[in-house]
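S.K.: Just run_34.txt, nothing more (compact mmCIF, C-alpha atoms and all ligand atoms):
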```txt
# COMPACT_ATOMS: atom_id res chain seq x y z
CA MET A 1 130.05 133.33 -7.98
CA LYS A 2 129.40 136.52 -6.02
CA ILE A 3 127.65 139.48 -7.62
CA ILE A 4 129.07 142.60 -6.03
CA LYS A 5 127.46 145.99 -6.60
CA THR A 6 129.18 148.23 -4.10
CA VAL A 7 132.71 149.51 -3.67
CA ASN A 8 132.61 148.68 0.06
CA GLU A 9 131.77 145.03 -0.54
CA LEU A 10 134.39 144.78 -3.29
CA THR A 11 137.08 146.35 -1.09
CA GLU A 12 136.32 143.85 1.66
CA PHE A 13 136.45 140.91 -0.79
CA VAL A 14 139.75 142.09 -2.33
CA GLY A 15 141.27 142.68 1.14
CA HIS A 16 140.45 139.13 2.30
CA THR A 17 141.71 137.62 -0.96
CA LEU A 18 145.07 139.40 -0.75
CA GLU A 19 145.42 138.55 2.97
CA ARG A 20 145.18 134.89 1.98
CA GLY A 21 148.05 135.48 -0.47
CA GLU A 22 145.86 134.76 -3.50
CA SER A 23 146.47 136.46 -6.85
CA ILE A 24 143.68 138.43 -8.50
CA GLY A 25 143.04 138.52 -12.25
CA LEU A 26 140.79 141.31 -13.55
CA VAL A 27 138.75 141.22 -16.75
CA PRO A 28 137.27 144.69 -17.32
CA THR A 29 134.19 144.62 -19.57
CA MET A 30 131.21 146.74 -20.50
CA GLY A 31 128.97 143.66 -20.47
CA ALA A 32 126.87 142.19 -23.32
CA LEU A 33 129.45 139.43 -23.15
CA HIS A 34 130.38 137.31 -26.16
CA ASP A 35 132.88 134.51 -26.78
CA GLY A 36 135.70 137.05 -27.05
CA HIS A 37 135.09 138.13 -23.44
CA LEU A 38 134.68 134.52 -22.34
CA SER A 39 138.10 133.66 -23.77
CA LEU A 40 139.62 136.45 -21.66
CA ILE A 41 137.85 135.14 -18.55
CA ASP A 42 138.96 131.54 -19.31
CA GLN A 43 142.57 132.65 -19.60
CA ALA A 44 142.33 134.73 -16.41
CA VAL A 45 140.85 131.75 -14.53
CA LYS A 46 143.80 129.57 -15.62
CA GLU A 47 146.42 132.14 -14.59
CA ASN A 48 145.10 133.55 -11.28
CA ASP A 49 143.73 132.25 -7.97
CA VAL A 50 140.70 134.55 -8.09
CA VAL A 51 139.09 136.33 -11.05
CA ILE A 52 136.97 139.48 -10.93
CA VAL A 53 134.98 140.42 -14.04
CA SER A 54 133.72 143.99 -14.05
CA VAL A 55 130.51 144.75 -15.93
CA PHE A 56 130.22 148.51 -16.24
CA VAL A 57 129.22 150.66 -19.19
CA ASN A 58 131.59 153.54 -18.49
CA PRO A 59 129.92 156.84 -19.46
CA THR A 60 133.16 158.85 -19.44
CA GLN A 61 134.61 157.03 -22.46
CA PHE A 62 131.62 157.76 -24.75
CA ASN A 63 131.91 160.95 -26.76
CA ASN A 64 128.58 160.28 -28.47
CA PRO A 65 125.47 160.24 -26.20
CA ASN A 66 123.53 158.10 -28.67
CA ASP A 67 126.30 155.47 -28.65
CA LEU A 68 126.07 155.35 -24.84
CA ALA A 69 122.26 155.16 -24.88
CA THR A 70 122.16 152.32 -27.41
CA TYR A 71 125.10 150.32 -26.01
CA PRO A 72 123.70 146.79 -25.42
CA ARG A 73 123.04 145.81 -21.79
CA LYS A 74 122.33 142.19 -20.74
CA GLU A 75 123.35 141.96 -17.11
CA GLU A 76 121.49 138.78 -16.15
CA ASP A 77 122.91 136.84 -19.13
CA ASP A 78 126.35 138.25 -18.34
CA PHE A 79 126.23 137.01 -14.73
CA ARG A 80 125.30 133.50 -15.90
CA LEU A 81 128.18 133.40 -18.38
CA ILE A 82 130.70 134.76 -15.86
CA ALA A 83 129.66 132.12 -13.32
CA ARG A 84 129.98 129.39 -15.93
CA CYS A 85 133.58 130.41 -16.70
CA GLY A 86 134.56 129.99 -13.05
CA ALA A 87 135.21 133.63 -12.11
CA ALA A 88 134.81 134.41 -8.40
CA VAL A 89 133.12 137.80 -8.74
CA ALA A 90 131.03 139.82 -11.15
CA PHE A 91 131.47 143.46 -10.13
CA ALA A 92 128.53 145.43 -11.55
CA PRO A 93 128.37 148.82 -9.85
CA GLU A 94 126.07 151.79 -10.50
CA VAL A 95 127.70 154.88 -12.01
CA SER A 96 127.44 156.68 -8.63
CA GLU A 97 129.52 153.95 -6.94
CA ILE A 98 132.39 154.42 -9.37
CA TYR A 99 132.14 158.19 -9.68
CA PRO A 100 130.73 159.42 -6.33
CA ASP A 101 131.94 162.97 -7.07
CA GLY A 102 130.45 163.11 -10.58
CA LEU A 103 131.82 162.27 -14.02
CA GLU A 104 134.11 165.28 -14.37
CA SER A 105 137.71 164.73 -13.38
CA ASP A 106 140.66 167.12 -13.17
CA LYS A 107 143.11 164.30 -13.57
CA VAL A 108 144.76 164.14 -17.00
CA PHE A 109 146.53 160.84 -17.69
CA GLU A 110 149.84 160.78 -19.58
CA LEU A 111 148.94 158.36 -22.37
CA GLY A 112 151.60 159.21 -24.95
CA THR A 113 151.24 159.80 -28.69
CA ALA A 114 149.54 156.39 -29.05
CA ALA A 115 146.41 158.02 -27.59
CA GLU A 116 146.39 160.92 -30.05
CA VAL A 117 145.99 159.01 -33.32
CA MET A 118 143.05 157.02 -34.76
CA GLU A 119 140.45 156.54 -31.97
CA GLY A 120 142.08 159.46 -30.15
CA LYS A 121 141.42 161.71 -33.15
CA PHE A 122 137.92 160.49 -33.95
CA ARG A 123 136.68 160.06 -30.36
CA PRO A 124 138.00 163.06 -28.40
CA GLY A 125 138.29 162.26 -24.68
CA HIS A 126 137.72 158.54 -25.22
CA PHE A 127 141.08 157.35 -23.92
CA GLN A 128 141.07 159.70 -20.93
CA GLY A 129 137.72 158.06 -20.05
CA VAL A 130 139.17 154.57 -20.55
CA ALA A 131 142.19 155.47 -18.37
CA GLN A 132 139.86 156.92 -15.72
CA ILE A 133 137.80 153.71 -15.41
CA VAL A 134 140.64 151.24 -15.83
CA SER A 135 142.77 153.01 -13.21
CA ARG A 136 139.78 153.11 -10.84
CA LEU A 137 139.20 149.38 -11.37
CA PHE A 138 142.89 148.67 -10.76
CA GLN A 139 142.75 150.73 -7.56
CA LEU A 140 139.65 148.84 -6.34
CA CYS A 141 140.48 145.30 -7.51
CA ARG A 142 144.29 145.40 -6.99
CA PRO A 143 144.89 142.79 -9.71
CA LYS A 144 148.19 141.08 -10.47
CA ARG A 145 147.08 140.74 -14.10
CA ALA A 146 144.42 142.43 -16.25
CA TYR A 147 143.11 141.01 -19.53
CA PHE A 148 142.17 142.92 -22.70
CA GLY A 149 141.22 141.79 -26.21
CA GLU A 150 143.41 142.69 -29.19
CA LYS A 151 140.40 143.82 -31.21
CA ASP A 152 140.92 147.08 -29.31
CA PHE A 153 144.55 147.14 -30.36
CA GLN A 154 145.07 150.83 -29.66
CA GLN A 155 143.36 150.58 -26.27
CA ILE A 156 145.94 148.02 -25.12
CA ALA A 157 148.85 150.28 -26.17
CA VAL A 158 147.27 153.23 -24.37
CA ILE A 159 146.61 151.22 -21.19
CA ARG A 160 150.22 150.02 -21.23
CA ASN A 161 151.34 153.66 -21.43
CA MET A 162 149.05 154.51 -18.50
CA VAL A 163 150.51 151.66 -16.42
CA LEU A 164 154.03 152.96 -17.11
CA SER A 165 153.27 156.63 -16.48
CA GLU A 166 151.31 155.90 -13.28
CA LYS A 167 153.88 153.28 -12.17
CA MET A 168 151.15 150.70 -11.63
CA ASP A 169 152.15 147.18 -10.68
CA VAL A 170 149.76 145.31 -13.01
CA GLU A 171 150.65 142.96 -15.85
CA ILE A 172 148.62 143.76 -18.97
CA VAL A 173 147.72 140.56 -20.82
CA ALA A 174 146.69 140.97 -24.48
CA CYS A 175 144.46 138.17 -25.83
CA PRO A 176 143.88 137.35 -29.52
CA ILE A 177 140.77 138.55 -31.40
CA LYS A 178 137.90 136.04 -31.45
CA ARG A 179 135.98 135.86 -34.70
CA ALA A 180 132.65 134.47 -35.85
CA GLU A 181 132.96 131.60 -38.35
CA ASP A 182 132.56 134.06 -41.22
CA GLY A 183 135.47 136.16 -39.89
CA LEU A 184 133.63 139.08 -38.27
CA ALA A 185 135.50 140.16 -35.11
CA LEU A 186 133.25 139.50 -32.12
CA SER A 187 131.94 142.70 -30.55
CA SER A 188 129.02 143.59 -28.31
CA ARG A 189 128.04 146.09 -31.00
CA ASN A 190 127.44 143.27 -33.55
CA GLN A 191 124.05 142.74 -31.86
CA LEU A 192 123.00 146.16 -33.13
CA LEU A 193 123.43 145.16 -36.80
CA THR A 194 120.35 144.40 -38.90
CA ALA A 195 120.29 140.99 -40.66
CA GLU A 196 121.33 142.67 -43.94
CA GLN A 197 124.20 144.55 -42.28
CA ARG A 198 125.36 141.46 -40.40
CA ALA A 199 125.47 139.55 -43.72
CA VAL A 200 127.96 142.01 -45.25
CA ALA A 201 129.97 142.90 -42.10
CA PRO A 202 132.51 140.02 -42.54
CA GLU A 203 133.76 141.85 -45.64
CA ILE A 204 135.82 144.02 -43.25
CA HIS A 205 137.94 141.07 -42.16
CA ARG A 206 138.04 139.55 -45.65
CA ALA A 207 139.37 142.78 -47.14
CA LEU A 208 141.99 143.05 -44.38
CA ALA A 209 143.02 139.39 -44.65
CA ASP A 210 143.34 139.56 -48.46
CA SER A 211 145.39 142.74 -48.17
CA VAL A 212 148.17 140.89 -46.32
CA ASP A 213 149.10 139.00 -49.51
CA TYR A 214 148.54 142.14 -51.58
CA SER A 215 150.92 144.06 -49.30
CA LYS A 216 153.80 141.73 -50.24
CA GLU A 217 153.80 143.14 -53.79
CA HIS A 218 152.45 146.66 -53.22
CA SER A 219 153.24 149.83 -51.32
CA VAL A 220 151.70 150.88 -48.01
CA ARG A 221 149.65 153.53 -49.85
CA ALA A 222 148.31 151.04 -52.44
CA THR A 223 147.47 148.52 -49.71
CA HIS A 224 145.64 151.20 -47.77
CA ASP A 225 143.66 152.32 -50.80
CA THR A 226 142.67 148.82 -51.93
CA VAL A 227 141.18 148.05 -48.49
CA VAL A 228 139.29 151.34 -48.25
CA GLU A 229 137.92 151.11 -51.79
CA ARG A 230 136.81 147.49 -51.37
CA ILE A 231 135.00 148.12 -48.08
CA ASN A 232 133.40 151.38 -49.18
CA ALA A 233 131.95 149.54 -52.20
CA VAL A 234 129.90 147.26 -49.88
CA PRO A 235 126.33 148.36 -49.10
CA PHE A 236 125.92 150.07 -45.67
CA MET A 237 129.69 150.39 -45.20
CA ASN A 238 131.67 153.56 -44.74
CA VAL A 239 135.30 153.49 -43.61
CA GLU A 240 135.93 156.12 -40.93
CA TYR A 241 139.67 155.54 -40.95
CA PHE A 242 142.15 152.89 -41.96
CA GLU A 243 145.68 153.46 -40.77
CA ILE A 244 148.74 151.32 -41.31
CA VAL A 245 150.92 151.93 -38.27
CA ASP A 246 153.96 150.84 -36.33
CA GLY A 247 152.61 148.19 -33.93
CA ARG A 248 154.40 149.73 -30.95
CA THR A 249 154.16 153.51 -31.41
CA LEU A 250 150.91 153.40 -33.46
CA LEU A 251 152.29 156.16 -35.63
CA PRO A 252 151.64 155.81 -39.38
CA VAL A 253 154.27 154.17 -41.58
CA GLU A 254 154.85 155.06 -45.22
CA GLU A 255 157.16 152.17 -46.18
CA TRP A 256 157.06 148.51 -45.15
CA GLU A 257 160.78 148.72 -44.31
CA GLU A 258 160.16 151.35 -41.63
CA SER A 259 159.31 148.88 -38.89
CA PRO A 260 159.53 145.13 -38.22
CA TYR A 261 156.04 145.28 -36.63
CA ILE A 262 153.23 146.81 -38.71
CA VAL A 263 149.49 146.67 -38.08
CA GLY A 264 146.49 147.98 -40.00
CA CYS A 265 143.72 149.41 -37.80
CA ILE A 266 140.29 150.09 -39.23
CA THR A 267 137.01 151.59 -38.13
CA VAL A 268 133.97 151.14 -40.33
CA TYR A 269 130.42 152.37 -39.94
CA CYS A 270 128.07 149.60 -40.99
CA GLY A 271 124.87 151.65 -41.06
CA ASP A 272 125.00 153.44 -37.68
CA VAL A 273 127.06 150.74 -36.00
CA ARG A 274 130.73 151.50 -35.50
CA LEU A 275 132.88 148.38 -35.94
CA ILE A 276 136.63 148.11 -35.43
CA ASP A 277 139.15 145.49 -36.47
CA ASN A 278 142.85 145.16 -37.22
CA ILE A 279 145.35 142.98 -39.03
CA CYS A 280 149.06 142.37 -38.62
CA TYR A 281 151.15 142.92 -41.79
CA ARG A 282 154.66 142.39 -40.42
CA LYS A 283 155.93 140.91 -37.17
O1 LIG B 1 137.15 147.49 -23.91
C1 LIG B 1 136.18 147.78 -23.18
O2 LIG B 1 135.15 147.10 -23.14
C2 LIG B 1 136.27 149.03 -22.34
O3 LIG B 1 136.95 150.05 -22.99
C3 LIG B 1 136.87 148.78 -20.94
C4 LIG B 1 138.33 148.35 -21.04
C5 LIG B 1 136.07 147.69 -20.22
C6 LIG B 1 136.82 150.05 -20.10
O4 LIG B 1 135.50 150.48 -19.92
```
Any chance you could put this one into structure tokens?
Ligand code: PAF

M.R.:
Amino acid sequence: MKIIKTVNELTEFVGHTLERGESIGLVPTMGALHDGHLSLIDQAVKENDVVIVSVFVNPTQFNNPNDLATYPRKEEDDFRLIARCGAAVAFAPEVSEIYPDGLESDKVFELGTAAEVMEGKFRPGHFQGVAQIVSRLFQLCRPKRAYFGEKDFQQIAVIRNMVLSEKMDVEIVACPIKRAEDGLALSSRNQLLTAEQRAVAPEIHRALADSVDYSKEHSVRATHDTVVERINAVPFMNVEYFEIVDGRTLLPVEEWEESPYIVGCITVYCGDVRLIDNICYRK
């Protein structure tokens, strides 16, 4: 596996790969890789001739400086794991390589209403930052397919909107959430939990999973409230939002009959650590 740090070297590698007629799969990551990331890389390796994994903590998608400063970084471990999965390249640039003209950008991406709700409301600018880095990576890596985890359910919808509005020729592949044995959705942020917080964190998934049965006999509002009350009763936990939405538009639903595809998206602070998860109610 090649570790590439510069845009010039990456451009050369991508050019040669495409000249040979080989397909490129891209797995964009912010590093601190876990089994969720590795499952994306495994799938990309099966479906493409050459796989590039980017490892880049993108400053423009953080609206909270402390979140950016404490985001876990483990580059050497990441490179070992990427090599073991059979990817061709780990692309780990400095910020100045990606944003040579600085972090500010005049470009405003058309991301649709899906970008205005939930994360869009609580993390202003977040999705413009995600679109900025993902479009830059697409421009540099020229992938046929790009892989994203469904834990970030809203992110996938927003990236799909970006691909449509920018007329990009990239297939977005959504991969299922990977969970620890106790149900906690794998996330790089889990490493920031204390032992006590980690012990209670699986309650997020348990509450969501139990609410699927509950939802068969109760309204959307009652299902929402039972999840929020149960999680808020756990030590360290504070629900930032829980929204039950149409799985395509991400707009809130009030009745189960409103859509054939309904998903519950949650963000919970466990101490200072912001965890997200989701569950499908109807499909
Ligand atoms: O999901 C992530 O880790 C990031 O948002 C992404 C897609 C790598 C862009 O920085």

S.K.: Would you mind listing the residues within 9 Å of ligand LIG 1 (chain B), counting all atoms listed in the file, as a PyMOL selection string?

M.R.: chain A and resi 27-31+37+54-61+126-127+129-134+147-149+151-152+155-156+159+188

S.K.: Excluding Arg282 of chain A and residues on its chain fewer than 3 positions from it, collect all residues at most 9 Å away from it, counting only C-alpha atoms, and give them as a list of chain:residue names.

M.R.: A:Val212, A:Gly247, A:Trp256, A:Ser259, A:Pro260, A:Tyr261, A:Ile262, A:Val263

S.K.: Taking C-alpha atoms for each residue, export the selection above as a PDB file, in the frame of the given file.

M.R.:
```
ATOM      1  CA  VAL A 212     148.170 140.890 -46.320  1.00  0.00           C
ATOM      2  CA  GLY A 247     152.610 148.190 -33.930  1.00  0.00           C
ATOM      3  CA  TRP A 256     157.060 148.510 -45.150  1.00  0.00           C
ATOM      4  CA  SER A 259     159.310 148.880 -38.890  1.00  0.00           C
ATOM      5  CA  PRO A 260     159.530 145.130 -38.220  1.00  0.00           C
ATOM      6  CA  TYR A 261     156.040 145.280 -36.630  1.00  0.00           C
ATOM      7  CA  ILE A 262     153.230 146.810 -38.710  1.00  0.00           C
ATOM      8  CA  VAL A 263     149.490 146.670 -38.080  1.00  0.00           C
TER       9      VAL A 263
END
```

S.K.: Go ahead and compute the interatomic distance for atom CA of Arg221 of chain A and atom CA of Lys121 of chain A, in Å to one decimal.

M.R.: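 So the two atoms, atom CA of Arg221 of chain A and atom CA of Lys121 of chain A, lie 20.3 Å apart.
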
S.K.: Would you mind telling me which residue in A:Glu47, A:Leu10, A:Met118, A:Leu184 lies nearest to Ile98 of chain A when using all atoms listed in the file?

M.R.: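 Of A:Glu47, A:Leu10, A:Met118, A:Leu184, the one nearest Ile98 of chain A is A:Leu10, counting all atoms listed in the file.
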
S.K.: In file coordinates, which residues lie within 10 Å of (129.9, 141.8, -6.8) using only C-alpha atoms, given as a PDB file with C-alpha atoms, in the coordinates of the input?

M.R.:
```pdb
ATOM      1  CA  MET A   1     130.050 133.330  -7.980  1.00  0.00           C
ATOM      2  CA  LYS A   2     129.400 136.520  -6.020  1.00  0.00           C
ATOM      3  CA  ILE A   3     127.650 139.480  -7.620  1.00  0.00           C
ATOM      4  CA  ILE A   4     129.070 142.600  -6.030  1.00  0.00           C
ATOM      5  CA  LYS A   5     127.460 145.990  -6.600  1.00  0.00           C
ATOM      6  CA  THR A   6     129.180 148.230  -4.100  1.00  0.00           C
ATOM      7  CA  VAL A   7     132.710 149.510  -3.670  1.00  0.00           C
ATOM      8  CA  GLU A   9     131.770 145.030  -0.540  1.00  0.00           C
ATOM      9  CA  LEU A  10     134.390 144.780  -3.290  1.00  0.00           C
ATOM     10  CA  PHE A  13     136.450 140.910  -0.790  1.00  0.00           C
ATOM     11  CA  ILE A  52     136.970 139.480 -10.930  1.00  0.00           C
ATOM     12  CA  VAL A  53     134.980 140.420 -14.040  1.00  0.00           C
ATOM     13  CA  SER A  54     133.720 143.990 -14.050  1.00  0.00           C
ATOM     14  CA  VAL A  55     130.510 144.750 -15.930  1.00  0.00           C
ATOM     15  CA  PHE A  79     126.230 137.010 -14.730  1.00  0.00           C
ATOM     16  CA  ALA A  88     134.810 134.410  -8.400  1.00  0.00           C
ATOM     17  CA  VAL A  89     133.120 137.800  -8.740  1.00  0.00           C
ATOM     18  CA  ALA A  90     131.030 139.820 -11.150  1.00  0.00           C
ATOM     19  CA  PHE A  91     131.470 143.460 -10.130  1.00  0.00           C
ATOM     20  CA  ALA A  92     128.530 145.430 -11.550  1.00  0.00           C
ATOM     21  CA  PRO A  93     128.370 148.820  -9.850  1.00  0.00           C
TER      22      PRO A  93
END
```

S.K.: Work out how far atom CA of Cys85 of chain A is from atom CA of Ser39 of chain A, in Å to one decimal.

M.R.: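 Computed distance, atom CA of Ser39 of chain A to atom CA of Cys85 of chain A, equals 9.0 Å.
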
S.K.: Hey, what's within 6 Å of Ala87 of chain A if we count all atoms listed in the file and toss same-chain stuff fewer than 4 positions away? As a list in words, please?

M.R.: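 Returned residues: Val51, Ile82 and Ala83 of chain A.
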
S.K.: Atom CA of Glu75 of chain A to atom CA of Met162 of chain A: how many Å, to one decimal?

M.R.: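 Taking atom CA of Glu75 of chain A and atom CA of Met162 of chain A, their separation equals 28.6 Å.
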
S.K.: Given only C-alpha atoms as the basis, pick out the residue of A:Lys283, A:His16, A:His224, A:Arg274 nearest to Glu254 of chain A.

M.R.: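 The closest residue to Glu254 of chain A is A:His224.
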
S.K.: Excluding Thr194 of chain A and its own-chain neighbours fewer than 5 positions away, which residues fall within 12 Å of it when counting only C-alpha atoms? Please give them as number ranges by chain.

M.R.: A: 189, 199-201, 236, 270-273

S.K.: What's around Thr226 of chain A at 9 Å? Count all atoms listed in the file, leave out sequence neighbours fewer than 3 positions away in its own chain, and write the answer as a list in words.

M.R.: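 Using all atoms listed in the file, the neighbours found are Ala207, Ser211, Tyr214, Arg221, Ala222, Thr223, Glu229, Arg230 and Ile231 of chain A.
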
S.K.: Could you write those residues out with C-alpha atoms, as an mmCIF file, keeping the file's coordinate frame?

M.R.:
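In the end it all went to out-v1.cif:
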```cif
data_model
loop_
_atom_site.group_PDB
_atom_site.id
_atom_site.type_symbol
_atom_site.label_atom_id
_atom_site.label_comp_id
_atom_site.auth_asym_id
_atom_site.auth_seq_id
_atom_site.Cartn_x
_atom_site.Cartn_y
_atom_site.Cartn_z
ATOM 1 C CA ALA A 207 139.370 142.780 -47.140
ATOM 2 C CA SER A 211 145.390 142.740 -48.170
ATOM 3 C CA TYR A 214 148.540 142.140 -51.580
ATOM 4 C CA ARG A 221 149.650 153.530 -49.850
ATOM 5 C CA ALA A 222 148.310 151.040 -52.440
ATOM 6 C CA THR A 223 147.470 148.520 -49.710
ATOM 7 C CA GLU A 229 137.920 151.110 -51.790
ATOM 8 C CA ARG A 230 136.810 147.490 -51.370
ATOM 9 C CA ILE A 231 135.000 148.120 -48.080
#
```

S.K.: So which one's closest to Ile177 of chain A, A:Asp106, A:Glu203, A:Asp35, A:Glu119? Using only C-alpha atoms, please.

M.R.: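 Looking only at the distances to Ile177 of chain A, the closest residue turns out to be A:Asp35.
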
S.K.: Counting all atoms listed in the file, note down every residue that has an atom within 6 Å of the point (137.6, 152.8, -41.6) (file coordinates), as a PyMOL selection string.

M.R.: chain A and resi 239-242+266-268

S.K.: For Tyr99 of chain A, which residue among A:Lys74, A:Arg179, A:Arg84, A:Arg136 is the nearest when counting only C-alpha atoms?

M.R.: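 Closest candidate: A:Arg136.
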
S.K.: Find the axis-aligned box for segment 64-77 of chain A, covering all its listed atoms and adding 6 Å on each side, and write its centre and edge lengths in Å to one decimal as JSON.

M.R.:
```
{"center_x": 125.0, "center_y": 148.6, "center_z": -22.4, "size_x": 19.1, "size_y": 35.4, "size_z": 24.5}
```

S.K.: Which neighbours of Asp49 of chain A fall inside 8 Å, counting all atoms listed in the file, when residues of the same chain fewer than 6 positions from it are skipped, and could you give them as a ChimeraX atom specification?

M.R.: /A:22-25

S.K.: Which segment 47-159 of chain A residues have any atom within 6 Å of an atom of segment 168-173 of chain A, and for each, what is the nearest pair of atoms with distance in Å to one decimal, counting all atoms listed in the file, rows sorted by chain and number, as a Markdown table?

M.R.:
```
| residue | atom | partner | partner_atom | distance |
| --- | --- | --- | --- | --- |
| A:Lys144 | CA | A:Val170 | CA | 5.2 |
| A:Arg145 | CA | A:Glu171 | CA | 4.6 |
| A:Ala146 | CA | A:Ile172 | CA | 5.2 |
| A:Tyr147 | CA | A:Val173 | CA | 4.8 |
```

S.K.: For Pro72 of chain A, which residue among A:Met237, A:Leu140, A:Leu193, A:Val220 is the nearest when counting only C-alpha atoms?

M.R.: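 With only C-alpha atoms as the atom set, the closest residue is A:Leu193.
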